[in-house]
$ cat coords28.csv   # CSV, C-alpha atoms
chain,number,residue,atom,x,y,z
A,1,MET,CA,4.2,-84.8,-33.0
A,2,ALA,CA,0.7,-84.5,-31.6
A,3,PRO,CA,-0.8,-87.7,-30.3
A,4,GLU,CA,-3.5,-89.5,-32.2
A,5,PRO,CA,-7.1,-88.5,-31.3
A,6,VAL,CA,-8.5,-90.4,-28.3
A,7,ASP,CA,-10.8,-93.3,-29.2
A,8,VAL,CA,-13.7,-92.0,-27.1
A,9,ASN,CA,-15.8,-95.1,-27.5
A,10,LEU,CA,-12.9,-97.4,-26.4
A,11,ILE,CA,-12.0,-95.3,-23.5
A,12,HIS,CA,-15.6,-95.4,-22.1
A,13,ARG,CA,-15.9,-99.1,-22.7
A,14,LEU,CA,-12.7,-99.6,-20.6
A,15,LYS,CA,-14.1,-97.2,-17.9
A,16,ARG,CA,-17.4,-99.1,-17.7
A,17,ALA,CA,-15.5,-102.4,-17.3
A,18,LEU,CA,-13.3,-101.0,-14.6
A,19,LYS,CA,-16.2,-99.4,-12.8
A,20,GLY,CA,-18.0,-102.7,-12.7
A,21,TRP,CA,-15.0,-104.3,-11.0
A,22,LEU,CA,-14.6,-101.7,-8.3
A,23,PRO,CA,-16.0,-104.0,-5.6
A,24,ASP,CA,-13.6,-106.7,-6.8
A,25,PHE,CA,-10.8,-104.2,-6.6
A,26,GLN,CA,-11.7,-103.5,-3.0
A,27,THR,CA,-11.8,-107.2,-2.2
A,28,ASP,CA,-8.4,-107.7,-3.7
A,29,LEU,CA,-7.1,-104.6,-1.9
A,30,ALA,CA,-8.3,-106.1,1.4
A,31,TRP,CA,-6.4,-109.3,0.7
A,32,LEU,CA,-3.1,-107.4,0.1
A,33,VAL,CA,-3.5,-105.1,3.1
A,34,ALA,CA,-4.3,-108.1,5.4
A,35,HIS,CA,-0.9,-109.7,4.6
A,36,ASP,CA,2.4,-108.4,5.9
A,37,ARG,CA,4.6,-107.5,2.9
A,38,GLY,CA,7.5,-105.6,4.4
A,39,SER,CA,10.5,-105.5,2.0
A,40,GLU,CA,12.6,-107.5,4.5
A,41,TYR,CA,9.9,-110.1,5.1
A,42,LYS,CA,10.6,-112.3,2.1
A,43,ALA,CA,8.0,-115.0,2.8
A,44,GLY,CA,5.2,-112.4,3.0
A,45,VAL,CA,6.2,-110.6,-0.2
A,46,ASP,CA,6.6,-114.0,-2.0
A,47,ALA,CA,3.1,-115.0,-0.9
A,48,ALA,CA,1.7,-111.9,-2.4
A,49,GLY,CA,3.6,-112.5,-5.6
A,50,THR,CA,2.3,-116.1,-5.8
A,51,TRP,CA,-1.3,-114.7,-5.3
A,52,MET,CA,-0.8,-112.1,-8.1
A,53,LEU,CA,0.8,-114.7,-10.4
A,54,ALA,CA,-2.4,-116.9,-10.1
A,55,LYS,CA,-4.6,-113.9,-11.1
A,56,LEU,CA,-2.4,-113.1,-14.1
A,57,ARG,CA,-2.4,-116.7,-15.3
A,58,ASP,CA,-6.2,-116.7,-15.0
A,59,LEU,CA,-6.1,-113.8,-17.5
A,60,GLY,CA,-4.1,-115.8,-19.9
A,61,CYS,CA,-0.9,-114.0,-19.3
A,62,ASP,CA,2.5,-115.5,-19.9
A,63,THR,CA,4.2,-115.3,-16.5
A,64,ALA,CA,7.7,-115.2,-15.2
A,65,VAL,CA,9.3,-115.3,-11.7
A,66,TYR,CA,12.6,-113.7,-11.0
A,67,PRO,CA,13.8,-115.4,-7.8
A,68,SER,CA,16.1,-113.8,-5.2
A,69,ASP,CA,17.7,-115.5,-2.2
A,70,GLU,CA,17.7,-112.3,-0.2
A,71,TYR,CA,14.6,-110.4,-1.3
A,72,GLY,CA,11.2,-111.3,-2.4
A,73,SER,CA,10.9,-112.6,-6.0
A,74,ALA,CA,9.9,-110.2,-8.7
A,75,ILE,CA,7.0,-111.4,-10.8
A,76,ALA,CA,5.7,-110.5,-14.3
A,77,GLY,CA,2.7,-111.2,-16.4
A,78,THR,CA,2.6,-110.5,-20.2
A,79,LEU,CA,-0.5,-110.1,-22.2
A,80,LYS,CA,0.1,-110.9,-25.9
A,81,GLY,CA,-1.8,-109.1,-28.7
A,82,GLN,CA,-2.1,-109.1,-32.5
A,83,GLY,CA,-0.7,-105.7,-33.3
A,84,GLN,CA,2.2,-103.4,-32.5
A,85,GLY,CA,3.4,-101.5,-29.4
A,86,ARG,CA,5.1,-102.9,-26.4
A,87,ALA,CA,4.4,-101.3,-23.0
A,88,LEU,CA,5.7,-102.0,-19.5
A,89,LEU,CA,3.7,-101.4,-16.4
A,90,VAL,CA,5.8,-101.3,-13.1
A,91,ALA,CA,4.5,-101.6,-9.6
A,92,HIS,CA,5.7,-103.1,-6.4
A,93,LEU,CA,4.3,-105.6,-3.8
A,94,ASP,CA,6.5,-104.7,-0.9
A,95,THR,CA,5.8,-102.1,1.8
A,96,VAL,CA,7.8,-100.3,4.5
A,97,TRP,CA,5.7,-101.9,7.3
A,98,PRO,CA,7.2,-104.6,9.6
A,99,GLN,CA,5.6,-108.0,10.5
A,100,GLY,CA,2.5,-107.6,12.6
A,101,ALA,CA,1.4,-104.3,11.0
A,102,ALA,CA,-1.4,-106.0,9.0
A,103,ALA,CA,-2.9,-107.5,12.2
A,104,ALA,CA,-2.5,-104.3,14.2
A,105,TRP,CA,-3.8,-102.0,11.5
A,106,PRO,CA,-6.4,-103.8,9.4
A,107,LEU,CA,-8.0,-102.2,6.3
A,108,ARG,CA,-10.6,-99.6,7.2
A,109,ILE,CA,-12.9,-97.8,4.7
A,110,GLU,CA,-14.4,-94.4,5.7
A,111,GLY,CA,-16.4,-92.8,2.8
A,112,THR,CA,-14.0,-92.8,-0.2
A,113,ARG,CA,-10.9,-93.4,1.9
A,114,ALA,CA,-9.3,-96.8,2.4
A,115,MET,CA,-6.7,-96.9,5.1
A,116,GLY,CA,-4.1,-99.6,6.0
A,117,PRO,CA,-0.5,-100.5,5.7
A,118,GLY,CA,0.7,-100.2,2.1
A,119,VAL,CA,-2.8,-99.5,0.8
A,120,VAL,CA,-1.6,-96.8,-1.6
A,121,ASP,CA,2.2,-97.6,-1.6
A,122,ASN,CA,1.8,-99.8,-3.5
A,123,ALA,CA,-1.2,-102.2,-3.2
A,124,SER,CA,-3.4,-100.0,-5.3
A,125,GLY,CA,-0.7,-99.6,-7.9
A,126,SER,CA,-0.2,-103.3,-8.3
A,127,LEU,CA,-3.9,-103.9,-8.6
A,128,THR,CA,-4.3,-101.1,-11.1
A,129,GLY,CA,-1.8,-102.9,-13.4
A,130,TYR,CA,-3.8,-106.2,-13.1
A,131,TYR,CA,-7.2,-104.6,-13.7
A,132,VAL,CA,-5.8,-102.6,-16.7
A,133,LEU,CA,-4.8,-105.9,-18.3
A,134,LYS,CA,-8.2,-107.4,-17.4
A,135,ALA,CA,-10.1,-104.5,-18.8
A,136,LEU,CA,-8.2,-104.7,-22.1
A,137,ARG,CA,-9.0,-108.4,-22.3
A,138,GLN,CA,-12.6,-107.8,-21.4
A,139,VAL,CA,-13.3,-105.3,-24.2
A,140,GLY,CA,-11.5,-107.4,-26.7
A,141,TYR,CA,-8.7,-104.9,-27.4
A,142,ASP,CA,-5.6,-106.7,-28.7
A,143,ASP,CA,-4.1,-104.2,-31.2
A,144,PHE,CA,-0.8,-104.3,-29.4
A,145,ASP,CA,2.2,-106.6,-29.4
A,146,ALA,CA,2.7,-107.1,-25.7
A,147,ILE,CA,1.9,-105.5,-22.4
A,148,THR,CA,3.9,-106.6,-19.3
A,149,LEU,CA,3.0,-105.9,-15.7
A,150,LEU,CA,6.1,-106.2,-13.5
A,151,CYS,CA,5.7,-106.3,-9.7
A,152,ASN,CA,8.9,-106.2,-7.8
A,153,ALA,CA,9.5,-106.9,-4.1
A,154,ASP,CA,12.3,-104.6,-3.1
A,155,GLU,CA,11.3,-101.1,-4.3
A,156,GLU,CA,11.1,-99.7,-0.8
A,157,LEU,CA,14.8,-100.6,-0.4
A,158,GLY,CA,15.7,-98.9,-3.7
A,159,SER,CA,15.2,-102.0,-5.9
A,160,PRO,CA,18.7,-103.3,-5.3
A,161,PHE,CA,17.8,-106.7,-6.8
A,162,SER,CA,15.0,-105.8,-9.3
A,163,LYS,CA,16.5,-102.7,-10.9
A,164,GLU,CA,18.4,-104.8,-13.4
A,165,ILE,CA,15.2,-106.7,-14.3
A,166,ILE,CA,13.4,-103.4,-14.7
A,167,GLN,CA,16.1,-102.0,-17.0
A,168,SER,CA,16.3,-105.2,-19.0
A,169,LEU,CA,12.5,-105.3,-19.7
A,170,ALA,CA,12.4,-101.6,-20.3
A,171,GLN,CA,15.0,-101.7,-23.1
A,172,SER,CA,12.6,-103.6,-25.4
A,173,ARG,CA,9.5,-101.4,-24.7
A,174,ASP,CA,8.1,-98.4,-26.4
A,175,ALA,CA,6.9,-96.8,-23.2
A,176,ALA,CA,7.0,-97.5,-19.4
A,177,PHE,CA,4.2,-96.5,-17.1
A,178,ILE,CA,5.0,-96.4,-13.4
A,179,LEU,CA,2.1,-97.2,-11.1
A,180,GLU,CA,3.0,-95.0,-8.2
A,181,SER,CA,0.5,-92.5,-6.8
A,182,PRO,CA,1.0,-88.8,-7.7
A,183,SER,CA,1.6,-86.2,-5.0
A,184,ASN,CA,-1.6,-84.5,-5.9
A,185,PRO,CA,-4.8,-85.9,-7.5
A,186,ASP,CA,-4.5,-83.8,-10.7
A,187,GLU,CA,-0.8,-84.6,-11.4
A,188,ILE,CA,1.3,-86.9,-13.6
A,189,ILE,CA,5.1,-87.0,-13.3
A,190,SER,CA,7.4,-86.9,-16.3
A,191,GLN,CA,10.6,-86.0,-14.5
A,192,ARG,CA,12.1,-87.1,-11.2
A,193,ALA,CA,15.2,-86.2,-9.3
A,194,GLY,CA,18.2,-88.5,-9.1
A,195,LEU,CA,19.2,-89.7,-5.6
A,196,MET,CA,22.7,-90.0,-4.3
A,197,TYR,CA,23.7,-91.4,-0.9
A,198,TYR,CA,27.1,-90.9,0.7
A,199,ASP,CA,28.7,-92.2,3.9
A,200,LEU,CA,31.5,-89.9,5.0
A,201,ARG,CA,33.8,-91.1,7.8
A,202,VAL,CA,36.7,-89.2,9.4
A,203,THR,CA,39.4,-90.7,11.6
A,204,GLY,CA,41.5,-88.6,14.0
A,205,LYS,CA,43.3,-89.1,17.3
A,206,ASN,CA,42.1,-89.1,20.9
A,207,ALA,CA,43.6,-86.8,23.6
A,208,HIS,CA,42.6,-85.2,26.9
A,209,ALA,CA,40.6,-82.1,25.9
A,210,GLY,CA,42.0,-80.1,28.8
A,211,VAL,CA,45.4,-81.4,29.6
A,212,GLU,CA,46.9,-82.1,26.2
A,213,PRO,CA,44.5,-81.2,23.4
A,214,GLU,CA,47.4,-80.4,21.1
A,215,LYS,CA,48.1,-84.2,20.9
A,216,GLY,CA,44.7,-84.9,19.5
A,217,HIS,CA,43.4,-84.6,15.9
A,218,ASN,CA,39.7,-83.6,16.1
A,219,ALA,CA,37.7,-85.8,13.7
A,220,ILE,CA,34.4,-83.8,14.3
A,221,GLN,CA,36.0,-80.5,13.4
A,222,GLU,CA,37.4,-82.1,10.2
A,223,LEU,CA,34.0,-83.5,9.4
A,224,CYS,CA,32.3,-80.1,9.9
A,225,CYS,CA,34.8,-78.5,7.5
A,226,LYS,CA,34.0,-81.2,4.9
A,227,LEU,CA,30.3,-80.9,5.3
A,228,ASN,CA,30.4,-77.2,4.9
A,229,GLU,CA,32.1,-77.6,1.6
A,230,CYS,CA,29.6,-80.3,0.5
A,231,GLN,CA,26.7,-78.0,1.4
A,232,GLN,CA,28.0,-75.3,-1.0
A,233,LEU,CA,27.1,-77.5,-3.9
A,234,ALA,CA,23.4,-77.0,-3.2
A,235,ARG,CA,23.7,-73.5,-4.6
A,236,GLU,CA,25.2,-74.6,-8.0
A,237,GLY,CA,23.8,-75.9,-11.3
A,238,ASP,CA,21.1,-78.5,-11.2
A,239,VAL,CA,21.9,-79.7,-7.7
A,240,LEU,CA,18.6,-79.5,-5.9
A,241,THR,CA,19.4,-80.4,-2.3
A,242,VAL,CA,22.4,-81.5,-0.2
A,243,SER,CA,21.0,-82.8,3.1
A,244,VAL,CA,23.1,-84.1,6.0
A,245,SER,CA,20.8,-86.9,7.2
A,246,THR,CA,22.7,-88.4,10.2
A,247,ILE,CA,25.9,-87.4,12.1
A,248,LYS,CA,27.8,-89.2,14.9
A,249,GLY,CA,31.1,-88.7,16.6
A,250,GLY,CA,33.1,-88.5,19.8
A,251,GLN,CA,32.9,-90.4,23.1
A,252,ARG,CA,32.4,-87.7,25.8
A,253,PRO,CA,32.9,-84.0,26.3
A,254,ASN,CA,36.5,-84.1,27.7
A,255,ILE,CA,38.0,-86.2,25.0
A,256,VAL,CA,39.2,-84.9,21.6
A,257,PRO,CA,37.2,-87.1,19.2
A,258,ASP,CA,39.0,-89.6,17.1
A,259,TYR,CA,36.0,-90.6,15.0
A,260,ALA,CA,33.1,-88.8,13.2
A,261,ARG,CA,30.6,-89.9,10.6
A,262,ALA,CA,27.9,-88.3,8.5
A,263,GLN,CA,25.4,-89.6,5.9
A,264,ILE,CA,24.4,-87.3,3.1
A,265,ASP,CA,21.4,-87.3,0.8
A,266,VAL,CA,21.8,-85.4,-2.5
A,267,ARG,CA,19.1,-84.8,-5.2
A,268,VAL,CA,20.1,-83.8,-8.7
A,269,GLU,CA,18.2,-83.2,-12.0
A,270,THR,CA,20.7,-84.6,-14.5
A,271,LEU,CA,23.3,-87.4,-14.8
A,272,ALA,CA,25.9,-84.8,-15.7
A,273,GLU,CA,25.3,-83.0,-12.5
A,274,ALA,CA,25.5,-86.3,-10.5
A,275,GLU,CA,28.9,-87.0,-12.0
A,276,ARG,CA,30.1,-83.5,-11.1
A,277,VAL,CA,28.8,-83.9,-7.5
A,278,ASP,CA,30.5,-87.3,-7.1
A,279,ALA,CA,33.9,-85.9,-8.3
A,280,HIS,CA,33.6,-82.9,-6.0
A,281,PHE,CA,32.6,-85.0,-3.0
A,282,ARG,CA,35.6,-87.2,-3.5
A,283,GLU,CA,37.9,-84.2,-3.8
A,284,ILE,CA,36.5,-82.9,-0.5
A,285,ALA,CA,37.0,-86.3,1.2
A,286,ASP,CA,40.7,-86.3,0.2
A,287,ARG,CA,41.3,-82.7,1.3
A,288,VAL,CA,42.5,-82.1,4.9
A,289,TRP,CA,41.6,-79.1,7.1
A,290,VAL,CA,42.6,-80.6,10.5
A,291,PRO,CA,46.2,-82.0,10.3
A,292,GLY,CA,46.4,-85.7,11.3
A,293,THR,CA,42.9,-86.7,10.2
A,294,SER,CA,41.9,-88.8,7.3
A,295,ALA,CA,38.6,-89.7,5.6
A,296,THR,CA,36.8,-92.3,3.6
A,297,LEU,CA,33.8,-91.7,1.4
A,298,ASP,CA,31.4,-94.5,0.2
A,299,GLY,CA,28.4,-94.1,-2.0
A,300,GLY,CA,27.3,-92.6,-5.2
A,301,ILE,CA,24.2,-92.7,-7.4
A,302,SER,CA,21.4,-94.7,-5.9
A,303,HIS,CA,18.7,-93.7,-8.4
A,304,PRO,CA,19.6,-92.0,-11.7
A,305,PRO,CA,17.5,-89.0,-12.5
A,306,MET,CA,14.3,-89.7,-14.5
A,307,GLN,CA,14.9,-87.2,-17.2
A,308,ARG,CA,12.5,-86.2,-19.9
A,309,GLY,CA,13.3,-87.5,-23.4
A,310,PRO,CA,12.2,-86.7,-26.9
A,311,GLN,CA,9.0,-88.7,-26.5
A,312,SER,CA,8.1,-87.2,-23.1
A,313,PRO,CA,5.9,-84.4,-24.5
A,314,TRP,CA,4.0,-87.0,-26.6
A,315,LEU,CA,3.3,-89.1,-23.5
A,316,VAL,CA,2.2,-86.1,-21.4
A,317,GLU,CA,-0.1,-84.8,-24.2
A,318,SER,CA,-1.6,-88.2,-24.6
A,319,ALA,CA,-2.3,-88.5,-20.9
A,320,GLN,CA,-3.8,-85.1,-20.8
A,321,ALA,CA,-6.1,-85.8,-23.8
A,322,ILE,CA,-7.3,-89.0,-22.2
A,323,GLY,CA,-7.7,-87.3,-18.8
A,324,GLN,CA,-9.8,-84.6,-20.5
A,325,GLU,CA,-12.1,-87.2,-21.8
A,326,LEU,CA,-12.4,-88.6,-18.3
A,327,GLY,CA,-13.0,-85.2,-16.8
A,328,ILE,CA,-9.5,-84.9,-15.2
A,329,SER,CA,-7.3,-81.9,-15.8
A,330,LEU,CA,-3.8,-83.3,-15.5
A,331,LYS,CA,-0.7,-81.2,-14.8
A,332,ASP,CA,2.8,-82.4,-15.7
A,333,THR,CA,5.1,-82.1,-12.7
A,334,PHE,CA,8.6,-82.6,-11.5
A,335,CYS,CA,9.1,-84.7,-8.3
A,336,GLY,CA,12.1,-84.6,-6.0
A,337,GLY,CA,11.4,-88.2,-4.9
A,338,THR,CA,12.5,-91.3,-6.8
A,339,SER,CA,10.7,-94.3,-8.2
A,340,ASP,CA,11.4,-97.3,-10.5
A,341,GLY,CA,10.8,-94.9,-13.3
A,342,CYS,CA,14.4,-93.7,-12.8
A,343,TYR,CA,15.5,-97.1,-14.0
A,344,THR,CA,13.3,-97.3,-17.0
A,345,ALA,CA,14.2,-93.7,-18.2
A,346,VAL,CA,17.9,-94.2,-17.8
A,347,VAL,CA,17.9,-96.8,-20.5
A,348,GLY,CA,16.1,-94.5,-22.9
A,349,THR,CA,12.6,-95.8,-22.6
A,350,PRO,CA,9.9,-93.0,-22.6
A,351,THR,CA,8.5,-93.0,-19.1
A,352,LEU,CA,5.6,-91.5,-17.3
A,353,CYS,CA,5.0,-91.9,-13.5
A,354,GLY,CA,2.5,-90.9,-10.9
A,355,LEU,CA,-0.3,-92.7,-12.8
A,356,ALA,CA,-1.8,-94.8,-10.1
A,357,PRO,CA,-4.9,-93.9,-8.0
A,358,PHE,CA,-4.3,-91.0,-5.7
A,359,GLY,CA,-3.4,-91.4,-2.0
A,360,ALA,CA,-1.4,-89.7,0.6
A,361,LEU,CA,0.5,-89.9,3.8
A,362,TYR,CA,2.3,-93.1,2.7
A,363,HIS,CA,4.9,-94.5,5.1
A,364,THR,CA,2.8,-93.2,8.0
A,365,ARG,CA,-0.2,-94.5,10.0
A,366,GLY,CA,-2.3,-92.0,8.2
A,367,GLU,CA,-1.7,-93.6,4.8
A,368,TYR,CA,-4.9,-93.7,2.7
A,369,LEU,CA,-6.2,-94.4,-0.8
A,370,ASP,CA,-8.9,-92.2,-2.4
A,371,LEU,CA,-11.2,-94.9,-3.8
A,372,SER,CA,-12.9,-92.3,-6.0
A,373,THR,CA,-9.7,-92.1,-8.1
A,374,VAL,CA,-9.4,-95.9,-8.8
A,375,VAL,CA,-11.6,-96.0,-11.9
A,376,PRO,CA,-10.5,-92.8,-13.7
A,377,ARG,CA,-6.8,-93.5,-13.0
A,378,SER,CA,-7.0,-97.1,-14.1
A,379,THR,CA,-8.8,-96.0,-17.3
A,380,LEU,CA,-6.1,-93.4,-17.8
A,381,VAL,CA,-3.4,-96.1,-17.7
A,382,ALA,CA,-5.4,-98.4,-20.0
A,383,GLY,CA,-5.9,-95.5,-22.4
A,384,LEU,CA,-2.1,-94.8,-22.5
A,385,VAL,CA,-1.5,-98.4,-23.4
A,386,VAL,CA,-3.9,-98.0,-26.3
A,387,ALA,CA,-2.3,-94.8,-27.3
A,388,CYS,CA,1.2,-96.4,-27.3
A,389,ALA,CA,0.0,-99.2,-29.5
A,390,LYS,CA,-1.7,-96.8,-32.0
A,391,GLU,CA,1.4,-94.6,-32.3
A,392,LYS,CA,3.6,-97.6,-32.9
A,393,SER,CA,1.3,-99.0,-35.6
A,394,HIS,CA,1.4,-95.7,-37.4
A,395,GLY,CA,5.2,-95.7,-37.4
A,396,VAL,CA,5.9,-93.0,-34.8
$ encode --input "coords28.csv" --output "structure tokens"
Amino acid sequence: MAPEPVDVNLIHRLKRALKGWLPDFQTDLAWLVAHDRGSEYKAGVDAAGTWMLAKLRDLGCDTAVYPSDEYGSAIAGTLKGQGQGRALLVAHLDTVWPQGAAAAWPLRIEGTRAMGPGVVDNASGSLTGYYVLKALRQVGYDDFDAITLLCNADEELGSPFSKEIIQSLAQSRDAAFILESPSNPDEIISQRAGLMYYDLRVTGKNAHAGVEPEKGHNAIQELCCKLNECQQLAREGDVLTVSVSTIKGGQRPNIVPDYARAQIDVRVETLAEAERVDAHFREIADRVWVPGTSATLDGGISHPPMQRGPQSPWLVESAQAIGQELGISLKDTFCGGTSDGCYTAVVGTPTLCGLAPFGALYHTRGEYLDLSTVVPRSTLVAGLVVACAKEKSHGV
């Protein structure tokens, strides 16, 4: 079904409000970038969560804290309305950067580029969620049931704590909008690869490599045979890549190695393909090429694929229609990387990702946010919330 026509007047009212707050956005961005928020620095991420909670409460949001002993707490703010339609916005407050990065690499703005640790991954995404809620409140739009912004604190680790929270919240929502930056400024993402991690370890037996090699059982040779078999899967079905990421083994050149280990990264398009890969990898681990060796295999699905569902075309068309009104031509893309959208999609919630302001080179010292994309991208997200509410009120 085609999306409802864009409410042009409302879209431009939202855009004007967001444009007027761009200096405030940059001030808030400076605060976040100036504070260390590495995933493993719980105190720093919790401080950012407390700061964001205060801002959400000032908007009149109902707030919630999901505490963790090991990771930073996830926080959420829910704006209540008078209509129908329940949307979930997902961002994260943690970064990949260690303590000390904020002081060593303070926010710098050159033209339209803002640079600093975590500036685009994901400070700008978290702030986009907040300013979307603020804009909807400012223009008086409340024809929705509830809009929740969830900011987690362990996304850069794969959301080991918060993924269950994300899935639980997503199950009661009509749509989930993931506030990660797109790979290119004219993209949105309706589909992502699933990620599987494996740790393959082989045990053999030491022996002198020159005097009595026949008494040894070569663990490295066995590991190579297994990895060769694993690699064959990259040519089959929906398996996108099989990448051996690390490999270790042996002690020195003149000893038959009794130990070898490899870590493997696998990307797939579908859950069915993930299950097939897992079964095949376990069969390979059990099979023996070098007599006297044995193996163990740990791992499995880290992120399920973010697959397109029946409502995905509607979400994409809605985003493109809003983008057209904003002067943005948006392409729907597939991404081989993962995000928290993998967790919202797997429970059946229509999901769209790559919606936040554009930036690039994240996880490097060149990371930057293109400030010229903040207003149009934030307006796009606000427009999608409105579109979700309108479709729900019309019984779609």
$ closest_residue --input "coords28.csv" --among "A:Ala135, A:Ile188, A:Ile301, A:Ala153" --to "A:Ala382" --atoms "all atoms listed in the file"
A:Ala135
$ residues_around --input "coords28.csv" --residues "A:Arg173" --least-positions-apart "5" --cutoff "7 Å" --atoms "all atoms listed in the file" --output "MDAnalysis selection string"
chainID A and resid 86:88 349
$ atom_distance --input "coords28.csv" --atom1 "atom CA of A:Leu89" --atom2 "atom CA of A:Leu361"
23.5 Å
$ closest_residue --input "coords28.csv" --among "A:Leu56, A:Val96, A:Ile247, A:Leu29" --to "A:Thr148" --atoms "all atoms listed in the file"
A:Leu56
$ closest_residue --input "coords28.csv" --among "A:Ala104, A:Ile166, A:Val277, A:Leu127" --to "A:Leu32" --atoms "all atoms listed in the file"
A:Leu127
$ closest_residue --input "coords28.csv" --among "A:Glu325, A:Val33, A:Ser378, A:Glu229" --to "A:Arg108" --atoms "all atoms listed in the file"
A:Val33
$ residues_around --input "coords28.csv" --residues "A:Gln251" --least-positions-apart "2" --cutoff "12 Å" --atoms "only C-alpha atoms" --output "ChimeraX atom specification"
/A:205-209,218-220,248-249,253-260
$ atom_distance --input "coords28.csv" --atom1 "atom CA of A:Ala170" --atom2 "atom CA of A:Glu70"
23.4 Å
$ residues_around --input "coords28.csv" --residues "A:Gly116" --least-positions-apart "6" --cutoff "7 Å" --atoms "all atoms listed in the file" --output "PyMOL selection string"
chain A and resi 33+105-108+367-368
$ atom_distance --input "coords28.csv" --atom1 "atom CA of A:Asp278" --atom2 "atom CA of A:Met196"
8.7 Å
$ residues_around --input "coords28.csv" --residues "A:Val139" --least-positions-apart "4" --cutoff "9 Å" --atoms "only C-alpha atoms" --output "JSON, numbers by chain"
{"A": [10, 13, 14, 17, 134, 135]}
$ build_atoms --input "coords28.csv" --residues "stretch 47-63 of chain A" --atoms "N, CA and C atoms" --output "tab-separated table (two decimals), in the frame of the given file"
chain	number	residue	atom	x	y	z
A	47	ALA	N	4.52	-114.56	-0.89
A	47	ALA	CA	3.10	-115.00	-0.90
A	47	ALA	C	2.24	-114.12	-1.69
A	48	ALA	N	2.47	-112.81	-1.60
A	48	ALA	CA	1.70	-111.90	-2.40
A	48	ALA	C	2.01	-112.05	-3.88
A	49	GLY	N	3.28	-112.32	-4.20
A	49	GLY	CA	3.60	-112.50	-5.60
A	49	GLY	C	2.98	-113.80	-6.15
A	50	THR	N	2.92	-114.85	-5.36
A	50	THR	CA	2.30	-116.10	-5.80
A	50	THR	C	0.77	-115.84	-6.04
A	51	TRP	N	0.16	-115.06	-5.17
A	51	TRP	CA	-1.30	-114.70	-5.30
A	51	TRP	C	-1.49	-113.91	-6.60
A	52	MET	N	-0.62	-112.94	-6.87
A	52	MET	CA	-0.80	-112.10	-8.10
A	52	MET	C	-0.50	-112.95	-9.33
A	53	LEU	N	0.48	-113.85	-9.28
A	53	LEU	CA	0.80	-114.70	-10.40
A	53	LEU	C	-0.46	-115.53	-10.82
A	54	ALA	N	-1.16	-116.05	-9.84
A	54	ALA	CA	-2.40	-116.90	-10.10
A	54	ALA	C	-3.41	-116.03	-10.85
A	55	LYS	N	-3.57	-114.79	-10.43
A	55	LYS	CA	-4.60	-113.90	-11.10
A	55	LYS	C	-4.13	-113.60	-12.51
A	56	LEU	N	-2.84	-113.37	-12.72
A	56	LEU	CA	-2.40	-113.10	-14.10
A	56	LEU	C	-2.49	-114.28	-14.98
A	57	ARG	N	-2.24	-115.47	-14.45
A	57	ARG	CA	-2.40	-116.70	-15.30
A	57	ARG	C	-3.84	-116.91	-15.65
A	58	ASP	N	-4.75	-116.58	-14.73
A	58	ASP	CA	-6.20	-116.70	-15.00
A	58	ASP	C	-6.60	-115.81	-16.19
A	59	LEU	N	-5.87	-114.70	-16.38
A	59	LEU	CA	-6.10	-113.80	-17.50
A	59	LEU	C	-5.58	-114.32	-18.82
A	60	GLY	N	-4.75	-115.34	-18.74
A	60	GLY	CA	-4.10	-115.80	-19.90
A	60	GLY	C	-2.75	-115.22	-20.20
A	61	CYS	N	-2.18	-114.59	-19.18
A	61	CYS	CA	-0.90	-114.00	-19.30
A	61	CYS	C	0.25	-115.02	-19.32
A	62	ASP	N	1.30	-114.76	-20.07
A	62	ASP	CA	2.50	-115.50	-19.90
A	62	ASP	C	3.20	-114.93	-18.63
A	63	THR	N	3.61	-115.78	-17.72
A	63	THR	CA	4.20	-115.30	-16.50
A	63	THR	C	5.61	-115.67	-16.29
